[in-house]
$ cat data39.cif   # mmCIF, C-alpha atoms
data_protein
#
loop_
_atom_site.label_atom_id
_atom_site.label_comp_id
_atom_site.auth_asym_id
_atom_site.auth_seq_id
_atom_site.Cartn_x
_atom_site.Cartn_y
_atom_site.Cartn_z
CA MET A 1 4.30 21.03 -0.81
CA LYS A 2 1.06 19.62 0.56
CA PRO A 3 0.42 15.88 0.33
CA TYR A 4 -2.90 16.49 -1.46
CA GLU A 5 -2.87 19.50 -3.68
CA ILE A 6 -3.97 21.26 -6.83
CA VAL A 7 -1.03 23.07 -8.41
CA THR A 8 -0.52 25.44 -11.30
CA GLU A 9 3.21 24.91 -11.86
CA PRO A 10 4.89 21.88 -13.52
CA ILE A 11 4.85 18.82 -11.27
CA ASP A 12 8.12 17.29 -10.06
CA PRO A 13 7.04 13.70 -9.34
CA GLN A 14 10.11 12.89 -7.28
CA ARG A 15 9.02 15.28 -4.53
CA TYR A 16 5.89 13.20 -3.98
CA ALA A 17 7.83 9.93 -4.04
CA ASP A 18 10.27 11.34 -1.49
CA TYR A 19 7.41 12.52 0.69
CA VAL A 20 5.91 9.04 1.06
CA LEU A 21 9.17 7.14 1.61
CA ARG A 22 9.81 5.90 5.16
CA PRO A 23 12.26 3.37 6.68
CA GLU A 24 9.52 0.74 6.93
CA ALA A 25 8.49 1.14 3.27
CA GLY A 26 9.83 -1.47 0.90
CA ALA A 27 7.90 -0.32 -2.15
CA VAL A 28 6.95 2.97 -3.75
CA THR A 29 4.65 3.25 -6.77
CA LEU A 30 4.53 6.50 -8.64
CA PHE A 31 1.91 7.11 -11.28
CA THR A 32 2.06 10.07 -13.63
CA GLY A 33 -0.68 10.92 -16.09
CA HIS A 34 0.62 12.83 -19.10
CA VAL A 35 -0.92 14.91 -21.84
CA ARG A 36 -1.05 12.63 -24.85
CA GLU A 37 -0.65 13.95 -28.35
CA TRP A 38 -2.48 11.27 -30.30
CA THR A 39 -5.76 9.56 -29.47
CA ARG A 40 -7.21 7.28 -32.09
CA GLY A 41 -5.57 9.28 -34.84
CA ILE A 42 -6.79 12.67 -33.61
CA ARG A 43 -4.14 15.10 -32.55
CA THR A 44 -4.47 17.17 -29.40
CA LEU A 45 -3.20 20.71 -29.92
CA PHE A 46 -4.08 22.31 -26.66
CA LEU A 47 -5.24 21.18 -23.29
CA ALA A 48 -6.22 22.98 -20.12
CA TYR A 49 -7.55 21.80 -16.80
CA GLU A 50 -9.69 23.66 -14.34
CA ALA A 51 -10.78 22.61 -10.86
CA TYR A 52 -13.05 23.56 -8.02
CA VAL A 53 -9.85 23.91 -6.02
CA PRO A 54 -10.87 23.71 -2.34
CA MET A 55 -13.27 20.84 -2.96
CA ALA A 56 -10.77 19.03 -5.21
CA GLU A 57 -8.06 19.19 -2.52
CA LYS A 58 -10.53 17.96 0.07
CA MET A 59 -11.51 15.06 -2.19
CA LEU A 60 -7.86 14.14 -2.84
CA ALA A 61 -7.22 14.06 0.91
CA ARG A 62 -10.30 11.91 1.37
CA ILE A 63 -9.05 9.43 -1.22
CA GLY A 64 -5.75 9.31 0.67
CA GLY A 65 -7.67 8.58 3.86
CA GLU A 66 -9.63 5.80 2.16
CA ILE A 67 -6.37 4.26 1.00
CA GLU A 68 -4.74 4.37 4.42
CA GLU A 69 -7.83 2.62 5.80
CA LYS A 70 -8.07 -0.02 3.07
CA TRP A 71 -4.32 -0.71 2.93
CA PRO A 72 -2.94 -0.14 6.43
CA GLY A 73 0.67 0.98 6.53
CA THR A 74 0.53 2.81 3.21
CA LYS A 75 1.29 6.51 2.83
CA THR A 76 -0.05 8.52 -0.10
CA ALA A 77 0.48 11.87 -1.83
CA ILE A 78 -1.48 13.16 -4.81
CA ALA A 79 -1.27 16.32 -6.90
CA HIS A 80 -3.25 17.49 -9.91
CA ARG A 81 -2.12 20.34 -12.07
CA ILE A 82 -4.50 22.88 -13.60
CA GLY A 83 -4.07 25.50 -16.29
CA GLU A 84 -2.59 25.07 -19.73
CA LEU A 85 -0.46 21.95 -20.29
CA GLN A 86 1.81 20.94 -23.15
CA ILE A 87 2.10 17.49 -24.73
CA GLY A 88 3.98 15.13 -22.41
CA GLU A 89 3.52 17.26 -19.32
CA ILE A 90 2.25 15.74 -16.11
CA ALA A 91 -1.40 16.37 -15.24
CA VAL A 92 -1.55 14.14 -12.18
CA VAL A 93 0.91 12.38 -9.89
CA ILE A 94 0.10 9.68 -7.32
CA ALA A 95 2.77 8.35 -4.96
CA VAL A 96 2.10 5.45 -2.59
CA SER A 97 4.56 3.74 -0.29
CA SER A 98 3.94 0.55 1.61
CA PRO A 99 5.86 -2.20 3.34
CA HIS A 100 4.88 -4.62 0.56
CA ARG A 101 4.58 -4.02 -3.13
CA ARG A 102 1.14 -5.49 -3.79
CA ASP A 103 -0.51 -2.82 -1.65
CA ALA A 104 1.46 -0.06 -3.35
CA TYR A 105 0.21 -1.09 -6.78
CA GLU A 106 -3.39 -1.66 -5.73
CA ALA A 107 -3.69 1.52 -3.71
CA ASN A 108 -2.15 3.61 -6.49
CA GLU A 109 -4.58 2.29 -9.09
CA TYR A 110 -7.46 2.79 -6.67
CA ALA A 111 -6.44 6.44 -6.33
CA ILE A 112 -6.55 7.20 -10.05
CA GLU A 113 -9.90 5.45 -10.44
CA ARG A 114 -11.35 7.47 -7.57
CA ILE A 115 -9.90 10.71 -8.94
CA LYS A 116 -11.51 10.08 -12.29
CA GLU A 117 -14.92 9.50 -10.79
CA SER A 118 -15.09 12.04 -7.99
CA VAL A 119 -12.56 14.87 -7.97
CA PRO A 120 -13.93 18.12 -9.46
CA VAL A 121 -11.34 18.68 -12.18
CA TRP A 122 -12.25 19.27 -15.81
CA LYS A 123 -10.27 19.05 -18.97
CA LYS A 124 -10.72 21.23 -22.00
CA GLU A 125 -9.21 20.04 -25.24
CA ILE A 126 -8.87 21.52 -28.68
CA TRP A 127 -8.40 18.89 -31.36
CA GLU A 128 -6.60 19.27 -34.64
CA ASP A 129 -9.93 19.06 -36.49
CA GLY A 130 -10.94 22.27 -34.70
CA THR A 131 -13.55 20.83 -32.40
CA GLU A 132 -13.44 21.75 -28.79
CA TRP A 133 -14.75 19.71 -26.04
CA ILE A 134 -15.15 19.88 -22.30
CA GLY A 135 -16.13 17.21 -19.87
CA ASP A 136 -16.15 13.47 -19.63
CA GLN A 137 -13.21 12.38 -21.72
CA ARG A 138 -14.67 8.96 -22.35
CA LYS A 139 -17.13 10.42 -24.84
CA LYS A 140 -14.77 11.67 -27.51
CA PRO A 141 -13.15 10.33 -29.53
CA GLU A 142 -15.34 7.28 -29.12
CA THR A 143 -14.84 5.28 -25.96
CA GLU A 144 -11.22 5.98 -25.23
CA PRO A 145 -9.80 8.44 -22.71
CA ALA A 146 -7.27 11.05 -23.74
CA PRO A 147 -4.96 11.55 -22.05
CA GLU A 148 -4.76 9.33 -19.00
CA MET B 149 22.00 4.53 -19.36
CA LYS B 150 20.78 1.25 -20.81
CA PRO B 151 17.08 0.38 -20.64
CA TYR B 152 17.83 -2.93 -18.91
CA GLU B 153 20.80 -2.76 -16.63
CA ILE B 154 22.57 -3.85 -13.48
CA VAL B 155 24.19 -0.84 -11.82
CA THR B 156 26.48 -0.28 -8.88
CA GLU B 157 25.75 3.42 -8.25
CA PRO B 158 22.62 4.91 -6.61
CA ILE B 159 19.60 4.77 -8.91
CA ASP B 160 17.94 7.97 -10.10
CA PRO B 161 14.41 6.72 -10.91
CA GLN B 162 13.48 9.80 -12.93
CA ARG B 163 15.96 8.87 -15.66
CA TYR B 164 14.05 5.65 -16.29
CA ALA B 165 10.68 7.42 -16.26
CA ASP B 166 12.02 9.97 -18.74
CA TYR B 167 13.37 7.21 -20.95
CA VAL B 168 9.97 5.54 -21.39
CA LEU B 169 7.93 8.73 -21.93
CA ARG B 170 6.73 9.36 -25.50
CA PRO B 171 4.10 11.70 -27.02
CA GLU B 172 1.62 8.83 -27.36
CA ALA B 173 2.01 7.76 -23.72
CA GLY B 174 -0.71 8.93 -21.37
CA ALA B 175 0.49 7.00 -18.33
CA VAL B 176 3.79 6.19 -16.68
CA THR B 177 4.13 3.85 -13.70
CA LEU B 178 7.35 3.87 -11.77
CA PHE B 179 8.04 1.23 -9.15
CA THR B 180 10.97 1.49 -6.76
CA GLY B 181 11.92 -1.26 -4.35
CA HIS B 182 13.70 0.09 -1.28
CA VAL B 183 15.81 -1.41 1.46
CA ARG B 184 13.49 -1.69 4.43
CA GLU B 185 14.74 -1.31 7.96
CA TRP B 186 12.13 -3.32 9.82
CA THR B 187 10.62 -6.66 8.89
CA ARG B 188 8.36 -8.32 11.43
CA GLY B 189 10.22 -6.63 14.24
CA ILE B 190 13.68 -7.64 13.04
CA ARG B 191 16.00 -4.84 12.10
CA THR B 192 18.15 -4.99 9.00
CA LEU B 193 21.60 -3.53 9.61
CA PHE B 194 23.31 -4.26 6.35
CA LEU B 195 22.29 -5.41 2.94
CA ALA B 196 24.19 -6.25 -0.21
CA TYR B 197 23.12 -7.57 -3.57
CA GLU B 198 25.14 -9.55 -6.04
CA ALA B 199 24.21 -10.65 -9.56
CA TYR B 200 25.31 -12.80 -12.43
CA VAL B 201 25.52 -9.56 -14.36
CA PRO B 202 25.43 -10.52 -18.06
CA MET B 203 22.67 -13.07 -17.53
CA ALA B 204 20.72 -10.71 -15.28
CA GLU B 205 20.76 -7.95 -17.90
CA LYS B 206 19.72 -10.43 -20.56
CA MET B 207 16.80 -11.61 -18.35
CA LEU B 208 15.71 -8.01 -17.66
CA ALA B 209 15.66 -7.32 -21.40
CA ARG B 210 13.66 -10.48 -21.95
CA ILE B 211 11.10 -9.41 -19.37
CA GLY B 212 10.84 -6.09 -21.21
CA GLY B 213 10.25 -7.99 -24.45
CA GLU B 214 7.54 -10.12 -22.83
CA ILE B 215 5.84 -6.95 -21.64
CA GLU B 216 5.91 -5.27 -25.03
CA GLU B 217 4.35 -8.41 -26.48
CA LYS B 218 1.67 -8.82 -23.81
CA TRP B 219 0.80 -5.11 -23.61
CA PRO B 220 1.36 -3.65 -27.08
CA GLY B 221 2.28 0.01 -27.09
CA THR B 222 4.08 -0.10 -23.75
CA LYS B 223 7.72 0.84 -23.30
CA THR B 224 9.75 -0.45 -20.35
CA ALA B 225 13.04 0.22 -18.56
CA ILE B 226 14.39 -1.73 -15.59
CA ALA B 227 17.49 -1.40 -13.44
CA HIS B 228 18.71 -3.36 -10.44
CA ARG B 229 21.47 -2.14 -8.22
CA ILE B 230 24.11 -4.41 -6.70
CA GLY B 231 26.66 -3.89 -3.95
CA GLU B 232 26.10 -2.51 -0.50
CA LEU B 233 22.86 -0.56 0.06
CA GLN B 234 21.68 1.61 2.93
CA ILE B 235 18.18 1.70 4.46
CA GLY B 236 15.78 3.49 2.14
CA GLU B 237 17.99 3.21 -0.93
CA ILE B 238 16.57 1.92 -4.18
CA ALA B 239 17.42 -1.67 -5.10
CA VAL B 240 15.24 -1.88 -8.20
CA VAL B 241 13.39 0.52 -10.49
CA ILE B 242 10.78 -0.37 -13.11
CA ALA B 243 9.36 2.27 -15.45
CA VAL B 244 6.53 1.50 -17.87
CA SER B 245 4.74 3.92 -20.17
CA SER B 246 1.61 3.16 -22.13
CA PRO B 247 -1.20 4.98 -23.89
CA HIS B 248 -3.61 3.81 -21.16
CA ARG B 249 -3.07 3.49 -17.45
CA ARG B 250 -4.37 -0.04 -16.89
CA ASP B 251 -1.58 -1.51 -19.00
CA ALA B 252 1.07 0.56 -17.24
CA TYR B 253 0.03 -0.80 -13.83
CA GLU B 254 -0.34 -4.40 -14.95
CA ALA B 255 2.89 -4.50 -16.92
CA ASN B 256 4.84 -2.92 -14.09
CA GLU B 257 3.61 -5.45 -11.55
CA TYR B 258 4.29 -8.25 -14.02
CA ALA B 259 7.89 -7.05 -14.27
CA ILE B 260 8.60 -7.18 -10.54
CA GLU B 261 7.01 -10.63 -10.23
CA ARG B 262 9.15 -11.94 -13.11
CA ILE B 263 12.29 -10.34 -11.65
CA LYS B 264 11.69 -12.04 -8.34
CA GLU B 265 11.32 -15.44 -9.92
CA SER B 266 13.90 -15.44 -12.67
CA VAL B 267 16.60 -12.77 -12.59
CA PRO B 268 19.89 -14.00 -11.09
CA VAL B 269 20.28 -11.44 -8.32
CA TRP B 270 20.87 -12.37 -4.71
CA LYS B 271 20.50 -10.47 -1.50
CA LYS B 272 22.67 -10.88 1.56
CA GLU B 273 21.34 -9.49 4.81
CA ILE B 274 22.75 -9.13 8.27
CA TRP B 275 20.04 -8.86 10.91
CA GLU B 276 20.25 -7.11 14.22
CA ASP B 277 20.20 -10.47 16.01
CA GLY B 278 23.49 -11.30 14.26
CA THR B 279 22.22 -13.91 11.86
CA GLU B 280 23.22 -13.69 8.27
CA TRP B 281 21.29 -15.04 5.45
CA ILE B 282 21.54 -15.38 1.72
CA GLY B 283 18.96 -16.46 -0.76
CA ASP B 284 15.24 -16.72 -1.09
CA GLN B 285 13.93 -13.87 0.99
CA ARG B 286 10.61 -15.55 1.54
CA LYS B 287 12.15 -17.92 4.03
CA LYS B 288 13.20 -15.50 6.75
CA PRO B 289 11.73 -13.98 8.75
CA GLU B 290 8.86 -16.35 8.26
CA THR B 291 6.88 -15.92 5.08
CA GLU B 292 7.41 -12.25 4.44
CA PRO B 293 9.83 -10.63 2.01
CA ALA B 294 12.28 -7.97 3.17
CA PRO B 295 12.71 -5.61 1.52
CA GLU B 296 10.54 -5.47 -1.55
CA MET C 297 36.46 -28.07 -20.72
CA ILE C 298 33.64 -25.90 -19.44
CA THR C 299 33.73 -22.99 -17.02
CA LEU C 300 31.53 -23.35 -13.96
CA TYR C 301 30.35 -20.38 -11.87
CA TYR C 302 29.16 -20.41 -8.27
CA PHE C 303 27.04 -17.58 -6.92
CA ALA C 304 25.89 -16.26 -3.54
CA GLY C 305 25.61 -18.97 -0.88
CA LEU C 306 27.02 -21.59 -3.24
CA ARG C 307 30.14 -19.52 -3.79
CA GLU C 308 30.62 -19.14 -0.06
CA ALA C 309 30.03 -22.84 0.56
CA ALA C 310 32.28 -23.96 -2.30
CA GLY C 311 34.93 -21.42 -1.34
CA LYS C 312 35.33 -20.32 -4.96
CA ALA C 313 33.56 -18.28 -7.60
CA GLN C 314 34.51 -20.40 -10.60
CA GLU C 315 36.47 -23.37 -11.81
CA ASP C 316 37.06 -25.29 -15.01
CA ALA C 317 35.59 -28.77 -15.26
CA ASP C 318 35.96 -31.53 -17.82
CA LEU C 319 32.25 -31.90 -18.46
CA ALA C 320 31.87 -31.30 -22.21
CA GLY C 321 29.49 -33.90 -23.63
CA ARG C 322 27.79 -34.42 -20.27
CA THR C 323 24.25 -33.36 -19.43
CA VAL C 324 23.17 -30.68 -17.01
CA ALA C 325 21.90 -33.41 -14.67
CA GLU C 326 25.37 -34.98 -14.75
CA LEU C 327 26.98 -31.62 -14.03
CA THR C 328 24.83 -31.22 -10.93
CA ALA C 329 25.74 -34.74 -9.80
CA TRP C 330 29.43 -33.93 -10.35
CA VAL C 331 29.18 -30.78 -8.21
CA SER C 332 27.26 -32.64 -5.54
CA GLY C 333 29.92 -35.37 -5.44
CA LYS C 334 32.78 -32.88 -5.20
CA TYR C 335 31.09 -30.60 -2.60
CA PRO C 336 28.72 -32.77 -0.58
CA HIS C 337 27.91 -29.87 1.75
CA LEU C 338 26.62 -27.59 -1.02
CA PRO C 339 22.94 -26.68 -0.61
CA LEU C 340 21.68 -27.65 -4.06
CA ASP C 341 18.00 -27.56 -3.17
CA GLY C 342 16.16 -25.34 -5.62
CA VAL C 343 19.31 -24.63 -7.58
CA ARG C 344 18.89 -24.12 -11.32
CA VAL C 345 21.64 -24.38 -13.91
CA ALA C 346 22.24 -21.76 -16.59
CA VAL C 347 24.32 -22.59 -19.64
CA ASN C 348 25.73 -19.67 -21.58
CA GLU C 349 23.51 -17.30 -19.56
CA GLU C 350 20.26 -19.16 -20.26
CA TYR C 351 18.39 -21.46 -17.92
CA ALA C 352 19.02 -25.01 -19.11
CA LEU C 353 17.05 -28.25 -18.97
CA GLN C 354 18.31 -31.30 -17.10
CA GLU C 355 18.85 -33.17 -20.37
CA ASP C 356 20.72 -30.38 -22.19
CA VAL C 357 24.24 -31.45 -23.22
CA LEU C 358 27.26 -29.27 -22.45
CA GLN C 359 29.55 -28.27 -25.29
CA GLU C 360 33.28 -27.59 -25.17
CA GLY C 361 33.81 -23.96 -24.08
CA ASP C 362 30.36 -23.52 -22.51
CA THR C 363 29.95 -21.53 -19.34
CA ALA C 364 27.62 -23.05 -16.79
CA ALA C 365 26.36 -21.34 -13.65
CA LEU C 366 24.72 -22.75 -10.57
CA ILE C 367 21.85 -20.39 -9.77
CA PRO C 368 20.58 -20.64 -6.20
CA PRO C 369 17.04 -19.34 -5.51
CA VAL C 370 17.10 -15.71 -6.60
CA SER C 371 16.20 -12.88 -4.24
CA GLY C 372 16.35 -9.66 -6.21
CA GLY C 373 13.78 -6.91 -6.26
CA MET D 374 -29.01 33.82 0.08
CA ILE D 375 -26.68 31.12 -1.18
CA THR D 376 -23.72 31.38 -3.55
CA LEU D 377 -23.93 29.23 -6.62
CA TYR D 378 -20.85 28.23 -8.67
CA TYR D 379 -20.77 27.10 -12.29
CA PHE D 380 -17.81 25.13 -13.61
CA ALA D 381 -16.36 24.11 -16.98
CA GLY D 382 -18.99 23.73 -19.69
CA LEU D 383 -21.74 24.97 -17.38
CA ARG D 384 -19.83 28.18 -16.73
CA GLU D 385 -19.41 28.74 -20.44
CA ALA D 386 -23.07 27.97 -21.15
CA ALA D 387 -24.35 30.12 -18.29
CA GLY D 388 -21.93 32.90 -19.14
CA LYS D 389 -20.95 33.32 -15.51
CA ALA D 390 -18.83 31.61 -12.87
CA GLN D 391 -21.07 32.39 -9.90
CA GLU D 392 -24.16 34.18 -8.71
CA ASP D 393 -26.16 34.63 -5.55
CA ALA D 394 -29.57 33.00 -5.39
CA ASP D 395 -32.39 33.19 -2.89
CA LEU D 396 -32.59 29.45 -2.30
CA ALA D 397 -32.04 29.06 1.45
CA GLY D 398 -34.54 26.52 2.77
CA ARG D 399 -34.92 24.87 -0.62
CA THR D 400 -33.66 21.38 -1.47
CA VAL D 401 -30.87 20.46 -3.84
CA ALA D 402 -33.49 19.11 -6.25
CA GLU D 403 -35.24 22.47 -6.15
CA LEU D 404 -31.95 24.26 -6.78
CA THR D 405 -31.40 22.19 -9.91
CA ALA D 406 -34.92 22.95 -11.09
CA TRP D 407 -34.32 26.66 -10.47
CA VAL D 408 -31.10 26.59 -12.55
CA SER D 409 -32.81 24.63 -15.30
CA GLY D 410 -35.66 27.14 -15.39
CA LYS D 411 -33.33 30.12 -15.55
CA TYR D 412 -30.93 28.60 -18.13
CA PRO D 413 -32.93 26.13 -20.22
CA HIS D 414 -29.95 25.51 -22.52
CA LEU D 415 -27.66 24.31 -19.72
CA PRO D 416 -26.55 20.67 -20.18
CA LEU D 417 -27.53 19.31 -16.75
CA ASP D 418 -27.23 15.66 -17.69
CA GLY D 419 -24.97 13.89 -15.23
CA VAL D 420 -24.44 17.05 -13.21
CA ARG D 421 -24.00 16.60 -9.45
CA VAL D 422 -24.45 19.29 -6.84
CA ALA D 423 -21.91 19.97 -4.10
CA VAL D 424 -22.91 21.97 -1.03
CA ASN D 425 -20.09 23.51 0.99
CA GLU D 426 -17.58 21.44 -1.01
CA GLU D 427 -19.26 18.08 -0.40
CA TYR D 428 -21.44 16.13 -2.81
CA ALA D 429 -25.04 16.56 -1.68
CA LEU D 430 -28.18 14.44 -1.93
CA GLN D 431 -31.24 15.59 -3.84
CA GLU D 432 -33.20 15.98 -0.60
CA ASP D 433 -30.55 17.95 1.31
CA VAL D 434 -31.80 21.38 2.35
CA LEU D 435 -29.79 24.53 1.66
CA GLN D 436 -28.96 26.83 4.56
CA GLU D 437 -28.47 30.58 4.50
CA GLY D 438 -24.85 31.31 3.50
CA ASP D 439 -24.19 27.92 1.91
CA THR D 440 -22.11 27.65 -1.23
CA ALA D 441 -23.48 25.28 -3.84
CA ALA D 442 -21.64 24.16 -6.96
CA LEU D 443 -22.90 22.49 -10.10
CA ILE D 444 -20.38 19.77 -10.89
CA PRO D 445 -20.50 18.54 -14.47
CA PRO D 446 -19.02 15.09 -15.18
CA VAL D 447 -15.42 15.31 -14.03
CA SER D 448 -12.50 14.58 -16.34
CA GLY D 449 -9.35 14.88 -14.31
CA GLY D 450 -6.45 12.47 -14.26
#
$ encode --input "data39.cif" --output "structure tokens"
Amino acid sequence: MKPYEIVTEPIDPQRYADYVLRPEAGAVTLFTGHVREWTRGIRTLFLAYEAYVPMAEKMLARIGGEIEEKWPGTKTAIAHRIGELQIGEIAVVIAVSSPHRRDAYEANEYAIERIKESVPVWKKEIWEDGTEWIGDQRKKPETEPAPE
Amino acid sequence: MKPYEIVTEPIDPQRYADYVLRPEAGAVTLFTGHVREWTRGIRTLFLAYEAYVPMAEKMLARIGGEIEEKWPGTKTAIAHRIGELQIGEIAVVIAVSSPHRRDAYEANEYAIERIKESVPVWKKEIWEDGTEWIGDQRKKPETEPAPE
Amino acid sequence: MITLYYFAGLREAAGKAQEDADLAGRTVAELTAWVSGKYPHLPLDGVRVAVNEEYALQEDVLQEGDTAALIPPVSGG
Amino acid sequence: MITLYYFAGLREAAGKAQEDADLAGRTVAELTAWVSGKYPHLPLDGVRVAVNEEYALQEDVLQEGDTAALIPPVSGG
């Protein structure tokens, strides 16, 4: 396991939580983004992610570095899965530990926001109505992301 | 497993994450509060929690109800462990799932704040300097909580 | 008769976890005064009272068979 | 010569994942214009360019042996 990685196999979130835990950490936040079946009444049948893998891993590590600078004392691990995913499966995991809980929440949310704006990973979805769509998930259906 | 419980055995956080996951959930946040060894240079040797168990479980369930009202579509599970805990062990776990990530972060942080102000659980610590202390953790050492 | 519970530091200071007290018909404020009179050394600062596992108001009246608990400042999490 | 990568919808629209292009010495803006000229149907709206796995500026100049990637709007997470 690398602390910042793109993986093709199912993600075990606990490994990332264990990785960031240290004796001086009082708080661990673990975020998992899952493939969602329903978005505004449209059913997702199939979903696959692709990435520009070396650049994506470099960007994940950079986000981790930004976090350790902004919230000193935190430790972070992030993984994103690519390939075909089933409903409910984990696409992304973010683990952050810190001495105090506030930092662990803030840093974790910062990570997912940064991933969504900068890490070269793309989602391809096939909807129940037959349409297929690649790219910025905020565009369809309407203004809501699917999945997280 | 109950969704809102006081337990005496080690906590497996994944069980609570699994409990809240549903096909319409795109995001799960999992918070774990751990026994921290060092707080402002003072070492914790021993830590035990006690609770007014039936009231504590009732308060945890109420916090879950508040969350489901404030953030519709979320699902929550919370457990607090009592008894003697070792450094690094989990004292509290909070799992929240929601269709969208923002709610999962906010609701999770709301839960820990509410627990810390209202749930009848008490911590007893023995510090390396020999002092013992029970009660509001914000009072010693100085203004900082230990552990989360 | 009501049952009164002591927790954490209050239990250690009172030297007991619970006792029965003849406080039915009295208010929560009167209960606290009764405890304070019986155990003058008890640190009651910031202590809340729960009646039947719910936080109670000072003016709430205790009923026969109630359980009341003295809740020192909590420190879970 | 530089190596040019196409990802996601751009790969599908271009019908290829990568190609070599004689763009050493040209800027990132010129690279985009070259792609747009060769594949007029490519949706280049919101596309960023990465050079050697780092987001590049429009005025950055490509060096012999660089790898450049067209990064459509990302949708991870």
$ interface_residues --input "data39.cif" --of "chain B" --to "chain A" --cutoff "7 Å" --atoms "all atoms listed in the file" --output "list in words"
Pro171, Glu172, Ala173, Gly174, Ala175, Val176, Thr177, Leu178, Phe179, Thr180, Gly181, His182, Val183, Arg184, Glu185, Trp186, Ile235, Gly236, His248, Arg249, Pro295 and Glu296 of chain B
$ atom_distance --input "data39.cif" --atom1 "atom CA of B:Lys271" --atom2 "atom CA of B:Ala196"
5.8 Å
$ resolve_selection --input "data39.cif" --expression "the PyMOL selection byres ((chain C and resi 316-322) around 7)" --output "PDB file with C-alpha atoms, in the coordinates of the input"
ATOM      1  CA  MET C 297      36.460 -28.070 -20.720  1.00  0.00           C
ATOM      2  CA  ILE C 298      33.640 -25.900 -19.440  1.00  0.00           C
ATOM      3  CA  THR C 299      33.730 -22.990 -17.020  1.00  0.00           C
ATOM      4  CA  LEU C 300      31.530 -23.350 -13.960  1.00  0.00           C
ATOM      5  CA  GLU C 315      36.470 -23.370 -11.810  1.00  0.00           C
ATOM      6  CA  THR C 323      24.250 -33.360 -19.430  1.00  0.00           C
ATOM      7  CA  VAL C 324      23.170 -30.680 -17.010  1.00  0.00           C
ATOM      8  CA  GLU C 326      25.370 -34.980 -14.750  1.00  0.00           C
ATOM      9  CA  LEU C 327      26.980 -31.620 -14.030  1.00  0.00           C
ATOM     10  CA  VAL C 357      24.240 -31.450 -23.220  1.00  0.00           C
ATOM     11  CA  LEU C 358      27.260 -29.270 -22.450  1.00  0.00           C
ATOM     12  CA  GLN C 359      29.550 -28.270 -25.290  1.00  0.00           C
ATOM     13  CA  GLU C 360      33.280 -27.590 -25.170  1.00  0.00           C
TER      14      GLU C 360
END
$ interface_residues --input "data39.cif" --of "chain C" --to "chain B" --cutoff "12 Å" --atoms "all atoms listed in the file" --output "PDB file with C-alpha atoms, in the coordinates of the input"
ATOM      1  CA  TYR C 301      30.350 -20.380 -11.870  1.00  0.00           C
ATOM      2  CA  TYR C 302      29.160 -20.410  -8.270  1.00  0.00           C
ATOM      3  CA  PHE C 303      27.040 -17.580  -6.920  1.00  0.00           C
ATOM      4  CA  ALA C 304      25.890 -16.260  -3.540  1.00  0.00           C
ATOM      5  CA  GLY C 305      25.610 -18.970  -0.880  1.00  0.00           C
ATOM      6  CA  LEU C 306      27.020 -21.590  -3.240  1.00  0.00           C
ATOM      7  CA  ARG C 307      30.140 -19.520  -3.790  1.00  0.00           C
ATOM      8  CA  GLU C 308      30.620 -19.140  -0.060  1.00  0.00           C
ATOM      9  CA  ALA C 309      30.030 -22.840   0.560  1.00  0.00           C
ATOM     10  CA  ALA C 313      33.560 -18.280  -7.600  1.00  0.00           C
ATOM     11  CA  PRO C 339      22.940 -26.680  -0.610  1.00  0.00           C
ATOM     12  CA  LEU C 340      21.680 -27.650  -4.060  1.00  0.00           C
ATOM     13  CA  ASP C 341      18.000 -27.560  -3.170  1.00  0.00           C
ATOM     14  CA  GLY C 342      16.160 -25.340  -5.620  1.00  0.00           C
ATOM     15  CA  VAL C 343      19.310 -24.630  -7.580  1.00  0.00           C
ATOM     16  CA  ARG C 344      18.890 -24.120 -11.320  1.00  0.00           C
ATOM     17  CA  VAL C 345      21.640 -24.380 -13.910  1.00  0.00           C
ATOM     18  CA  ALA C 346      22.240 -21.760 -16.590  1.00  0.00           C
ATOM     19  CA  VAL C 347      24.320 -22.590 -19.640  1.00  0.00           C
ATOM     20  CA  ASN C 348      25.730 -19.670 -21.580  1.00  0.00           C
ATOM     21  CA  GLU C 349      23.510 -17.300 -19.560  1.00  0.00           C
ATOM     22  CA  GLU C 350      20.260 -19.160 -20.260  1.00  0.00           C
ATOM     23  CA  TYR C 351      18.390 -21.460 -17.920  1.00  0.00           C
ATOM     24  CA  THR C 363      29.950 -21.530 -19.340  1.00  0.00           C
ATOM     25  CA  ALA C 364      27.620 -23.050 -16.790  1.00  0.00           C
ATOM     26  CA  ALA C 365      26.360 -21.340 -13.650  1.00  0.00           C
ATOM     27  CA  LEU C 366      24.720 -22.750 -10.570  1.00  0.00           C
ATOM     28  CA  ILE C 367      21.850 -20.390  -9.770  1.00  0.00           C
ATOM     29  CA  PRO C 368      20.580 -20.640  -6.200  1.00  0.00           C
ATOM     30  CA  PRO C 369      17.040 -19.340  -5.510  1.00  0.00           C
ATOM     31  CA  VAL C 370      17.100 -15.710  -6.600  1.00  0.00           C
ATOM     32  CA  SER C 371      16.200 -12.880  -4.240  1.00  0.00           C
ATOM     33  CA  GLY C 372      16.350  -9.660  -6.210  1.00  0.00           C
ATOM     34  CA  GLY C 373      13.780  -6.910  -6.260  1.00  0.00           C
TER      35      GLY C 373
END
$ resolve_selection --input "data39.cif" --expression "the PyMOL selection byres ((chain C and resi 354) around 7)" --output "number ranges by chain"
C: 323-325, 352-353, 355-356
$ atom_distance --input "data39.cif" --atom1 "atom CA of A:Glu9" --atom2 "atom CA of A:Trp127"
23.5 Å
$ atom_distance --input "data39.cif" --atom1 "atom CA of B:Thr222" --atom2 "atom CA of B:Glu153"
18.4 Å
